[in-house]
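Engineer: My structure is below; once you've seen it, I'll send some questions.
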Number of protein chains: 2
Amino acid sequence: MAVFGLLVVAVLTILTPFAQSQTFQRLGACPTLGCVFPPDLTDFLAGQYFDIRLEVHAPVNGSEANGGKADPNFTFTIVKKGGAPQNAATFFNVPEPKLEQWNFTWNEDLFAAEAKKPSLVNVTSKAYRRVVLREPGEYTATLTYYGGNKTTASWLVRDLNKVRKAKNVVLFIGDGMTTNMITAARLIAHKCVNGRYLTKMAMDKFPVLGHQMTHSLDSYITDSANSATALYSGHKTTVNSLGVYADSSKDPFDDPKIESIAEIFWRLTGGGVGIVSTAFIADATPAALTAHTRDRGQYGHVVDTYVHGITNYTWTNWTGPDVLFGGGAEQFYPGKDSYRGKDYYKEFSDAGYNVVWNNTAMQKTPNNTKTLGIFSVSNMAKWLDRNVYKNNLLNQSNSPDGKKTDATDQPGLKEMTLKALDILDTRHRNEGWFIMSEAASIDKQMHTLDYDRALGELLELDDTITATINALRAKGVLNDTLIIVTADHGHGFDVMGSVDTKFLNEQKTDRAKRGAIGTYFNSGLSQYTVETNSSLRYSEGVHFPANWDPRYSLFQGVSANPDHRENYQVHKDGPRLPAVNITGFPATDFYVNYKDAVTGFVINGTLPVEADQGVHSLTDVPVFAMGPCQEKFGGKSALLPPSKTRGAILDGTTGVYNSIDIFFNLAECLGLSQTTP
Amino acid sequence: MAVFGLLVVAVLTILTPFAQSQTFQRLGACPTLGCVFPPDLTDFLAGQYFDIRLEVHAPVNGSEANGGKADPNFTFTIVKKGGAPQNAATFFNVPEPKLEQWNFTWNEDLFAAEAKKPSLVNVTSKAYRRVVLREPGEYTATLTYYGGNKTTASWLVRDLNKVRKAKNVVLFIGDGMTTNMITAARLIAHKCVNGRYLTKMAMDKFPVLGHQMTHSLDSYITDSANSATALYSGHKTTVNSLGVYADSSKDPFDDPKIESIAEIFWRLTGGGVGIVSTAFIADATPAALTAHTRDRGQYGHVVDTYVHGITNYTWTNWTGPDVLFGGGAEQFYPGKDSYRGKDYYKEFSDAGYNVVWNNTAMQKTPNNTKTLGIFSVSNMAKWLDRNVYKNNLLNQSNSPDGKKTDATDQPGLKEMTLKALDILDTRHRNEGWFIMSEAASIDKQMHTLDYDRALGELLELDDTITATINALRAKGVLNDTLIIVTADHGHGFDVMGSVDTKFLNEQKTDRAKRGAIGTYFNSGLSQYTVETNSSLRYSEGVHFPANWDPRYSLFQGVSANPDHRENYQVHKDGPRLPAVNITGFPATDFYVNYKDAVTGFVINGTLPVEADQGVHSLTDVPVFAMGPCQEKFGGKSALLPPSKTRGAILDGTTGVYNSIDIFFNLAECLGLSQTTP
């Protein structure tokens with residue numbers, strides 16, 4: 001057993017993963033053979049419910065092989081700093097969980113994957129459900145296995161102010177939105193004279209700016225499920241996981257859960273909850289407010305949790321948000337995509353919801369009733385198609401009733417958000433409310449390299465922010481409301497100059513077409529704000545481009561892409577499809593879409609050929625804050641001297657902090673720290 | 001003349017440039033035929049010296065042709081708001097300038113350039129030299145030409161607090177540094193456990209964070225000359241311009257000048273000035289502190305201005321900085337690259353400077369004397385070569401004495417900056433001092449797609465910041481010193497995942513090699529911080545990668561590039577050359593450098609084929625501030641209602657502001673607003 005002694009870790013010791021565990025990992029956040037979730041260096045809100053999952057691994061083959069017999073006799077203790085360790089069941093006053101056993105396989109690297117030589121791991125496990133820590137301070141959780149090996153997790157219950165400072169919270173998430181994109185959106189929608197903007201973005205004018213670091217628990221690039229979990233629960237987890245840590249079992253619903261801010265806020269205050277997104281509503285960013293599964297693809301299940309809460313393991317008493325607005329009708333009308341084939345319009349209606357299917361009905365529906373608004377199949381229409389290239393709304397067969405007509409009367413993010421505010425304010429003026437409003441297709445259109453549509457979505461978010469501030473002021477609740485605008489991760493997008501599209505279109509060769517690009521001085525001035533006789537003007541006083549198709553367009557791009565062709569011109573016929581599989585099904589080998597950007601030149605991909613779209617990036621993303629507690633979201637402390645204490649990794653005290661700090665700041669501002677039952 | 005009536009503009013009217021003036025412009029910031037520099041919407045520091053240039057244009061041919069006879073009888077008046085307009089010579093109490101005449105050509109677009117059909121413009125002009133506005137408030141400058149056409153410029157002298165709050169200023173410029181790069185540098189140099197960094201960058205810990213918008217006067221992508229001019233003088237100008245607005249004359253030295261913060265600070269306080277860069281010291285970012293030319297390529301002239309000030313038009317009485325440290329010996333030893341072939345080591349020595357050529361001599365030189373330190377020909381060695389791949393310092397023939405031996409004893413940015421602080425503190429403890437310290441090769445190595453070297457430079461900057469704070473604290477002047485860390489523009493860089501370099505190197509085809517890239521969950525954890533037996537460890541407690549060449553490297557890239565090959569591995573043999581001209585001289589057609597990254601796959605370029613390297617990008621860049629006045633550099637005001645007044649474009653009141661606001665904030669903090677002679 002001596003071999004395992006080397007793997008024992010202590011509090012704050014650096015966990016050095018095996019060098020080969022990178023592209024694939026045996027289990028995220030578990031470099032040793034004994035796994036504790038929540039893992040080392042986890043923080044908790046006092047009174048936040050969570051599950052614990054323990055696993056002991058016995059690799060049968062591969063570089064870690066130890067005989068393959070997983071220890072069934074492991075023990076697990078908890079101790080608050082200064083106390084005496086207790087068996088966890090005693091500590092939490094819950095029954096000792098039953099022992100579970102399973103196995104799984106993984107590939108140690110790409111060579112193993114290519115050779116189809118996975119490693120098999122046998123597992124023994126226990127899970128403690130719905131436990132809670134209330135007393136602020138440091139705790140140590142210790143898993144002992146294989147007769148003396150230990151995996152130790154240092155946990156901290158943050159000592160937060162319990163006085164509620166904000167009555168309401170508006171959390172705007174620009175999915176995938178970076179500082180670079182905001183800069184580009186400003187350029188095409190705000191007039192600039194001699195290097196000085198005459199107007200700025202609404203978010204530019206927020207009084208507090210910060211940056212948040214978006215890394216996952218176990219990978220430095222996150223997806224939206226994982227990042228939303230961090231923002232809503234204060235717990236970083238694994239790609240594709242919603243409100244849980246990912247364990248190694250096959251069941252996507254048995255992973256250890258973490259209570260979200262929506263669940264805590266509703267449980268403690270009875271306040272209102274609104275969920276608004278331009279995505280299909282089962283998508284990750286809205287889903288993470290109530291769903292708990294390691295597989296974000298369980299869309300039907302996600303919709304079920306919106307209205308019924310988590311039913312597995314009887315974990316919460318959630319009864320549904322006040323407002324749920326978005327796309328994704330295919331998970332609502334009965335059929336193959338809805339949970340167990342059921343009619344979720346009926347499920348919501350039976351639970352007391354009004355159900356609306358278009359903007360007209362949404363505007364008319366009363367504000368005193370819970371409301372479900374589903375406005376299209378799949379993701380909702382993009383701002384650019386709803387407002388400029390309107391013909392693209394036709395022949396979509398995406399009506400929310402499932403009858404395959406066209407969803408031509410869809411609201412935008414602004415209309416949905418304003419209506420949601422009306423309902424929340426009507427129903428919960430006294431208790432207060434929390435709303436998450438997501439501009440989902442910034443991310444979705446960046447993925448497909450449709451930069452114009454992505455920037456249109458970003459400008460719609462900014463317009464929504466302005467409208468929200470005005471609406472809250474009109475309701476008299478602006479000063480009681482904390483407004484946060486942030487993102488969940490980035491894309492490697494930027495603008496590097498201009499393109500003379502007339503010149504580009506007339507050149508005959510790919511290399512000659514590149515001569516149309518103007519950099520530095522030759523980037524010139526934005527032509528998107530120049531009004532012409534044929535201006536596609538959205539409306540006066542609202543900041544969108546006057547012309548989406550100027551001769552001199554943006555030379556814009558991302559830092560990783562599939563094979564595609566680029567002509568730097570707006571895609572007038574609808575959202576872009578940059579790459580296609582021309583080698584048969586299943587599609588694992590994507591090439592340039594020969595129908596896309598036909599006047600352009602070919603750009604070969606850098607991503608694996610299985611990728612048909614761009615990917616997320618590493619960059620810190622901005623946080624804009626205004627309202628009560630705004631100062632928590634930007635730097636205000638003096639430069640701290642180096643510290644060896646746990647406090648040194650509490651990142652909320654300067655302008656650059658961890659994504660989980662957003663959750664803790666929101667929770668503190670709402671007075672959700674509950675140190676007594 | 002009616003045709004010109006259409007071109008008349010009034011204060012705050014939007015100037016709509018001709019749609020065709022984009023890739024090329026007749027004259028930046030002059031869409032009409034009458035040009036005033038400083039142009040409309042210019043702000044001034046009270047007491048800041050500047051020149052005025054007027055031009056009247058008469059296009060001979062092209063779309064604007066008006067007969068080709070430029071008006072010699074134009075008039076120019078100035079009025080402070082509420083007063084009566086006066087002839088400018090009277091207003092400023094200077095002699096009426098003599099009339100100048102010239103002509104120039106430009107291309108209306110790429111088709112005209114390709115057809116070699118430029119447009120000819122005749123010009124009449126006057127220049128008022130070294131004038132000043134002292135009284136805060138709004139002024140209107142009006143050029144009247146062609147018998148009644150008017151070009152009007154609204155000028156504002158900002159009403160700033162005159163009380164000096166900071167004794168000293170340290171301005172760190174990470175050339176080309178973006179938030180994305182800071183995120184990547186943190187990832188490779190700081191240990192992260194379960195999504196939480198155990199340490200942060202020095203800049204992360206600054207108490208104030210802001211964003212600055214970097215656009216040029218007349219193009220939305222800037223270069224470092226133009227952006228440095230904005231940061232140092234509060235005036236945005238044109239690409240390639242140092243401390244001047246660019247006029248249309250051929251003389252690169254007759255353009256209208258603007259006094260820089262170094263010149264003003266020295267003139268008003270007699271305080272010390274330090275200039276430190278890892279670039280050749282005539283490069284744009286250091287040069288803009290004292291040089292005034294529209295052509296940043298006048299390197300010899302730039303070096304002359306460091307020691308002699310501007311001699312053309314007898315404009316300042318500058319006598320040289322206290323410290324000037326960097327590379328670029330070729331402009332110092334006598335020869336073809338030095339100004340008029342003179343020996344500038346001797347010029348500096350004659351002006352009272354100690355001259356040092358290596359780190360050892362620099363450390364030993366006394367702190368009570370002005371010091372010139374020139375440590376190499378061209379740009380200085382990169383951190384990665386000085387500290388890890390040291391053999392790359394050999395066979396460079398770059399010794400600063402011009403004798404073509406190797407400059408192997410070069411200081412880094414940290415050593416230069418700390419020595420400069422010693423000299424400044426010794427010589428100017430009473431008057432205070434201003435230092436600009438530039439990490440130049442973040443930008444230079446991003447240009448050549450050598451991401452590892454660029455991030456090494458960024459980490460060296462961060463290390464320098466830590467060392468500076470410690471040094472100022474030790475000297476007892478930390479609380480008197482405002483420290484700003486910012487950039488001058490971006491590059492479209494980001495990190496999107498990891499690369500299994502072993503797998504990549506062993507694949508046979510370009511498409512198969514792309515399969516080595518891991519995104520999302522498969523990005524895994526940073527392997528750069530994992531210490532191995534062969535770790536290339538810089539030193540304990542200082543944050544640089546433990547391993548620059550891990551099997552799993554960063555999948556990193558930029559959003560615009562020349563043709564090149566990529567294998568995502570550190571370039572051990574020295575700084576990278578991604579593209580080469582294989583079609584003869586002059587080089588205007590760049591292809592993949594067949595010697596570079598030979599195990600990688602080809603990525604075709606998106607830039608014009610004349611480009612051998614990457615380019616700058618649009619993105620807002622971060623500003624980190626600590627010390628007196630730090631609050632001016634981050635958001636603190638509540639959301640302002642829309643305003644039609646000039647105040648609405650004063651951008652310094654929230655977290656996102658204009659690059660020129662950096663100058664005004666620094667000047668105010670140093671008490672440099674001088675409203676009386």
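Just so we're on the same page: first chain in the structure tokens is A, next is B, and so on; residues restart at 1 for each chain, and ligands are numbered from 1 in the order they show up.
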Identify all chain A residues at most 6 Å from chain B by counting only C-alpha atoms; ligands do not count. Present them as a ChimeraX atom specification.

Structural biologist: /A:22-24,180,183,194-195,198,204-209,215-217,219-222,239,492,494-496,514-515,518,520-525,557-559,607-608,617-619,635-639,649,654-656

Engineer: Where does DSSP see helix (DSSP H, G or I) in segment 442-553 of chain B, if you list the residues as a PyMOL selection string?

Structural biologist: chain B and resi 442-447+451-475+478-480+501-506+510-516+520-523

Engineer: With only C-alpha atoms as the atoms that count, which of A:Gly137, A:Pro59, A:Pro85, A:Gly476 lies nearest to Asp43 of chain A?

Structural biologist: A:Gly137

Engineer: Quick one: distance from atom CA of Asp304 of chain A to atom CA of Arg429 of chain A in Å, one decimal?

Structural biologist: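 It comes out at 27.4 Å.
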
Engineer: Determine which residues of segment 356-479 of chain A receive a DSSP assignment of strand (DSSP E or B), computed from the backbone, and state them as a list in words.

Structural biologist: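 Matching residues for strand (DSSP E or B) in segment 356-479 of chain A are Val356, Thr371, Leu372, Gly373, Ile374, Trp433, Phe434, Ile435, Met436, Ser437, Glu438 and Ala439 of chain A.
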
Engineer: Can you write just those residues out, C-alpha atoms, as a PDB file, in the first residue's frame?

Structural biologist:
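Contents of result_17.pdb, freshly written:
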```
ATOM      1  CA  VAL A 356     -48.500  32.581 -23.753  1.00  0.00           C
ATOM      2  CA  THR A 371     -46.632  33.080 -16.491  1.00  0.00           C
ATOM      3  CA  LEU A 372     -44.968  30.678 -18.886  1.00  0.00           C
ATOM      4  CA  GLY A 373     -44.053  32.222 -22.247  1.00  0.00           C
ATOM      5  CA  ILE A 374     -42.636  29.926 -24.903  1.00  0.00           C
ATOM      6  CA  TRP A 433     -37.524  39.386  -6.456  1.00  0.00           C
ATOM      7  CA  PHE A 434     -34.617  37.927  -8.405  1.00  0.00           C
ATOM      8  CA  ILE A 435     -34.469  37.804 -12.180  1.00  0.00           C
ATOM      9  CA  MET A 436     -31.903  36.302 -14.530  1.00  0.00           C
ATOM     10  CA  SER A 437     -32.162  37.629 -18.081  1.00  0.00           C
ATOM     11  CA  GLU A 438     -29.887  36.016 -20.654  1.00  0.00           C
ATOM     12  CA  ALA A 439     -28.824  37.289 -24.074  1.00  0.00           C
TER      13      ALA A 439
END
```

Engineer: Got a sec: who's within 7 Å of segment 668-676 of chain A, counting only C-alpha atoms, leaving out chain neighbours fewer than 2 positions off, as a ChimeraX atom specification?

Structural biologist: /A:45-47,134-135,160-167,265,629,664-666

Engineer: Name all residues at most 10 Å from Leu455 of chain B (count only C-alpha atoms; drop same-chain ones fewer than 6 positions away) and give them as a list in words.

Structural biologist: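 The neighbour list is Met177, Met181, Ile182, Thr183, Ala184, Ala185, Arg186, Ile188, Ala189, Trp383, Leu384, Ser441, Ile442, Asp443, Gln445, Met446, Leu461 and Phe544 of chain B.
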
Engineer: Quick one: write out the picked residues with N, CA and C atoms as a CSV table (one decimal), in the first residue's frame?

Structural biologist:
```csv
chain,number,residue,atom,x,y,z
B,177,MET,N,-1.1,44.9,-24.5
B,177,MET,CA,-1.6,44.0,-23.5
B,177,MET,C,-3.1,44.1,-23.3
B,181,MET,N,-4.8,38.4,-22.5
B,181,MET,CA,-3.4,38.0,-22.3
B,181,MET,C,-3.0,37.9,-20.8
B,182,ILE,N,-3.6,38.8,-20.0
B,182,ILE,CA,-3.4,38.7,-18.5
B,182,ILE,C,-4.0,37.4,-18.0
B,183,THR,N,-5.1,37.0,-18.5
B,183,THR,CA,-5.7,35.8,-18.1
B,183,THR,C,-4.8,34.6,-18.5
B,184,ALA,N,-4.3,34.6,-19.7
B,184,ALA,CA,-3.4,33.5,-20.1
B,184,ALA,C,-2.1,33.5,-19.3
B,185,ALA,N,-1.6,34.7,-19.0
B,185,ALA,CA,-0.3,34.7,-18.2
B,185,ALA,C,-0.5,34.2,-16.8
B,186,ARG,N,-1.7,34.5,-16.2
B,186,ARG,CA,-2.0,34.0,-14.9
B,186,ARG,C,-2.1,32.5,-14.9
B,188,ILE,N,-0.5,30.3,-16.8
B,188,ILE,CA,0.7,29.6,-16.9
B,188,ILE,C,1.7,29.8,-15.7
B,189,ALA,N,1.4,30.8,-14.9
B,189,ALA,CA,2.4,31.2,-13.9
B,189,ALA,C,1.8,31.1,-12.4
B,383,TRP,N,12.5,38.1,-22.0
B,383,TRP,CA,12.7,37.5,-20.7
B,383,TRP,C,13.0,36.0,-20.9
B,384,LEU,N,12.3,35.3,-21.8
B,384,LEU,CA,12.4,33.9,-22.0
B,384,LEU,C,13.8,33.5,-22.5
B,441,SER,N,7.8,44.3,-25.5
B,441,SER,CA,7.8,43.1,-26.4
B,441,SER,C,6.6,42.2,-26.1
B,442,ILE,N,5.7,42.6,-25.2
B,442,ILE,CA,4.4,41.9,-25.2
B,442,ILE,C,3.8,42.1,-26.6
B,443,ASP,N,3.8,43.3,-27.1
B,443,ASP,CA,3.3,43.7,-28.4
B,443,ASP,C,4.2,43.0,-29.5
B,445,GLN,N,6.2,40.5,-29.6
B,445,GLN,CA,6.1,39.1,-29.7
B,445,GLN,C,4.7,38.6,-30.1
B,446,MET,N,3.7,39.4,-29.8
B,446,MET,CA,2.4,39.0,-30.3
B,446,MET,C,2.3,39.2,-31.8
B,461,LEU,N,6.6,42.1,-16.7
B,461,LEU,CA,6.0,43.3,-16.3
B,461,LEU,C,5.3,43.2,-14.9
B,544,PHE,N,6.6,32.7,-12.5
B,544,PHE,CA,6.8,32.4,-13.9
B,544,PHE,C,6.5,30.9,-14.1
```

Engineer: Find the distance between atom CA of Pro286 of chain A and atom CA of Asn367 of chain A and write it in Å to one decimal.

Structural biologist: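 Atom CA of Asn367 of chain A lies at a distance of 21.4 Å from atom CA of Pro286 of chain A.
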
Engineer: Could you list, as a PDB file with N, CA, C and O atoms, in the first residue's frame, every residue within 9 Å of Glu263 of chain B, counting only C-alpha atoms and ignoring same-chain residues fewer than 4 positions away?

Structural biologist:
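So result24.pdb came out as:
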```
ATOM      1  N   GLU B 259       2.051  69.634 -26.351  1.00  0.00           N
ATOM      2  CA  GLU B 259       2.989  69.416 -25.244  1.00  0.00           C
ATOM      3  C   GLU B 259       2.599  68.134 -24.484  1.00  0.00           C
ATOM      4  O   GLU B 259       1.419  67.911 -24.207  1.00  0.00           O
ATOM      5  N   ARG B 267       8.459  71.296 -16.972  1.00  0.00           N
ATOM      6  CA  ARG B 267       8.403  72.755 -17.085  1.00  0.00           C
ATOM      7  C   ARG B 267       7.823  73.398 -15.835  1.00  0.00           C
ATOM      8  O   ARG B 267       8.329  74.416 -15.346  1.00  0.00           O
ATOM      9  N   LEU B 268       6.784  72.797 -15.286  1.00  0.00           N
ATOM     10  CA  LEU B 268       6.091  73.438 -14.164  1.00  0.00           C
ATOM     11  C   LEU B 268       6.686  73.100 -12.803  1.00  0.00           C
ATOM     12  O   LEU B 268       6.611  73.909 -11.881  1.00  0.00           O
ATOM     13  N   LEU B 289       6.947  60.722 -25.459  1.00  0.00           N
ATOM     14  CA  LEU B 289       7.093  61.615 -24.307  1.00  0.00           C
ATOM     15  C   LEU B 289       7.804  62.914 -24.666  1.00  0.00           C
ATOM     16  O   LEU B 289       7.571  63.936 -24.024  1.00  0.00           O
ATOM     17  N   THR B 290       8.682  62.888 -25.683  1.00  0.00           N
ATOM     18  CA  THR B 290       9.413  64.123 -26.014  1.00  0.00           C
ATOM     19  C   THR B 290       9.468  64.439 -27.506  1.00  0.00           C
ATOM     20  O   THR B 290       9.801  65.566 -27.866  1.00  0.00           O
ATOM     21  N   THR B 316      10.372  73.993 -27.208  1.00  0.00           N
ATOM     22  CA  THR B 316      10.465  73.772 -25.761  1.00  0.00           C
ATOM     23  C   THR B 316      11.897  74.004 -25.304  1.00  0.00           C
ATOM     24  O   THR B 316      12.813  74.139 -26.101  1.00  0.00           O
ATOM     25  N   ASN B 317      12.067  74.022 -23.998  1.00  0.00           N
ATOM     26  CA  ASN B 317      13.402  74.170 -23.425  1.00  0.00           C
ATOM     27  C   ASN B 317      13.852  72.880 -22.757  1.00  0.00           C
ATOM     28  O   ASN B 317      14.642  72.884 -21.820  1.00  0.00           O
ATOM     29  N   TRP B 318      13.322  71.798 -23.184  1.00  0.00           N
ATOM     30  CA  TRP B 318      13.599  70.474 -22.625  1.00  0.00           C
ATOM     31  C   TRP B 318      15.103  70.206 -22.575  1.00  0.00           C
ATOM     32  O   TRP B 318      15.825  70.494 -23.521  1.00  0.00           O
TER      33      TRP B 318
END
```

Engineer: Between atom CA of Tyr128 of chain B and atom CA of Lys80 of chain B, what is the spacing in Å?

Structural biologist: 17.8 Å

Engineer: Taking 5 positions as the minimum chain separation for residues in the same chain, which residues sit within 12 Å of Leu472 of chain A when counting only C-alpha atoms? Answer as a list in words.

Structural biologist: Asn168, Val169, Val170, Thr417, Leu418, Lys419, Ala420, Leu421, Asp422, Leu424, Asp425, Arg429, Thr464, Ile465, Thr466, Ala467, Val477, Leu478, Asn479, Asp480, Thr481, Leu482, Ile483 and Gly627 of chain A

Engineer: Need to verify the contact set: segment 398-410 of chain B, 8 Å, only C-alpha atoms, exclusion of same-chain residues closer than 5 positions in sequence. Can you return it as a list in words?

Structural biologist: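 That gives Gly327, Gly328, Ala329, Glu330, Tyr333, Trp357, Asn358, Asn359, Thr360, Ile374, Phe375, Ser376, Val377, Ser378, Met380, Ala381, Arg386 and Leu393 of chain B.
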
Engineer: Put those residues in a file: N, CA and C atoms, as a short mmCIF file (atom, residue, chain, number, x, y, z; two decimals), in the first residue's frame.

Structural biologist:
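result.cif, freshly written:
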```cif
data_model
loop_
_atom_site.label_atom_id
_atom_site.label_comp_id
_atom_site.auth_asym_id
_atom_site.auth_seq_id
_atom_site.Cartn_x
_atom_site.Cartn_y
_atom_site.Cartn_z
N GLY B 327 16.91 49.73 -25.42
CA GLY B 327 17.76 49.25 -26.51
C GLY B 327 17.91 50.31 -27.59
N GLY B 328 18.33 49.84 -28.79
CA GLY B 328 18.41 50.76 -29.92
C GLY B 328 19.73 51.49 -30.04
N ALA B 329 20.84 50.78 -29.77
CA ALA B 329 22.17 51.41 -29.84
C ALA B 329 22.46 51.98 -31.22
N GLU B 330 21.84 51.44 -32.25
CA GLU B 330 22.14 51.91 -33.62
C GLU B 330 21.80 53.39 -33.83
N TYR B 333 25.42 55.04 -31.54
CA TYR B 333 26.80 55.10 -32.05
C TYR B 333 26.78 55.73 -33.43
N TRP B 357 26.28 50.49 -20.48
CA TRP B 357 25.99 49.60 -21.60
C TRP B 357 25.62 48.18 -21.17
N ASN B 358 25.59 47.91 -19.89
CA ASN B 358 25.18 46.57 -19.46
C ASN B 358 24.65 46.63 -18.03
N ASN B 359 24.07 45.52 -17.60
CA ASN B 359 23.41 45.48 -16.30
C ASN B 359 24.40 45.73 -15.16
N THR B 360 25.59 45.15 -15.28
CA THR B 360 26.59 45.31 -14.22
C THR B 360 26.95 46.78 -14.04
N ILE B 374 21.96 52.16 -22.56
CA ILE B 374 21.56 51.53 -23.83
C ILE B 374 22.23 50.16 -23.84
N PHE B 375 21.40 49.10 -23.92
CA PHE B 375 21.89 47.76 -23.58
C PHE B 375 21.99 46.79 -24.76
N SER B 376 21.53 47.23 -25.91
CA SER B 376 21.63 46.35 -27.09
C SER B 376 21.33 47.17 -28.34
N VAL B 377 21.73 46.63 -29.47
CA VAL B 377 21.19 47.11 -30.74
C VAL B 377 19.73 46.64 -30.81
N SER B 378 18.90 47.43 -31.44
CA SER B 378 17.49 47.08 -31.68
C SER B 378 16.76 46.80 -30.35
N MET B 380 15.56 44.94 -26.96
CA MET B 380 16.33 44.17 -25.98
C MET B 380 15.91 42.70 -26.00
N ALA B 381 16.75 41.86 -25.42
CA ALA B 381 16.46 40.43 -25.35
C ALA B 381 15.18 40.19 -24.55
N ARG B 386 16.56 35.57 -21.87
CA ARG B 386 17.49 35.95 -20.80
C ARG B 386 17.48 34.95 -19.65
N LEU B 393 21.04 34.28 -26.56
CA LEU B 393 21.69 35.59 -26.44
C LEU B 393 23.00 35.63 -27.23
#
```

Engineer: Which residue out of B:Glu100, B:Asp159, B:Asp283, B:Glu347 has the minimum interatomic distance to Ser249 of chain B when only C-alpha atoms are used?

Structural biologist: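 Using only C-alpha atoms, Ser249 of chain B sits closest to B:Glu100.
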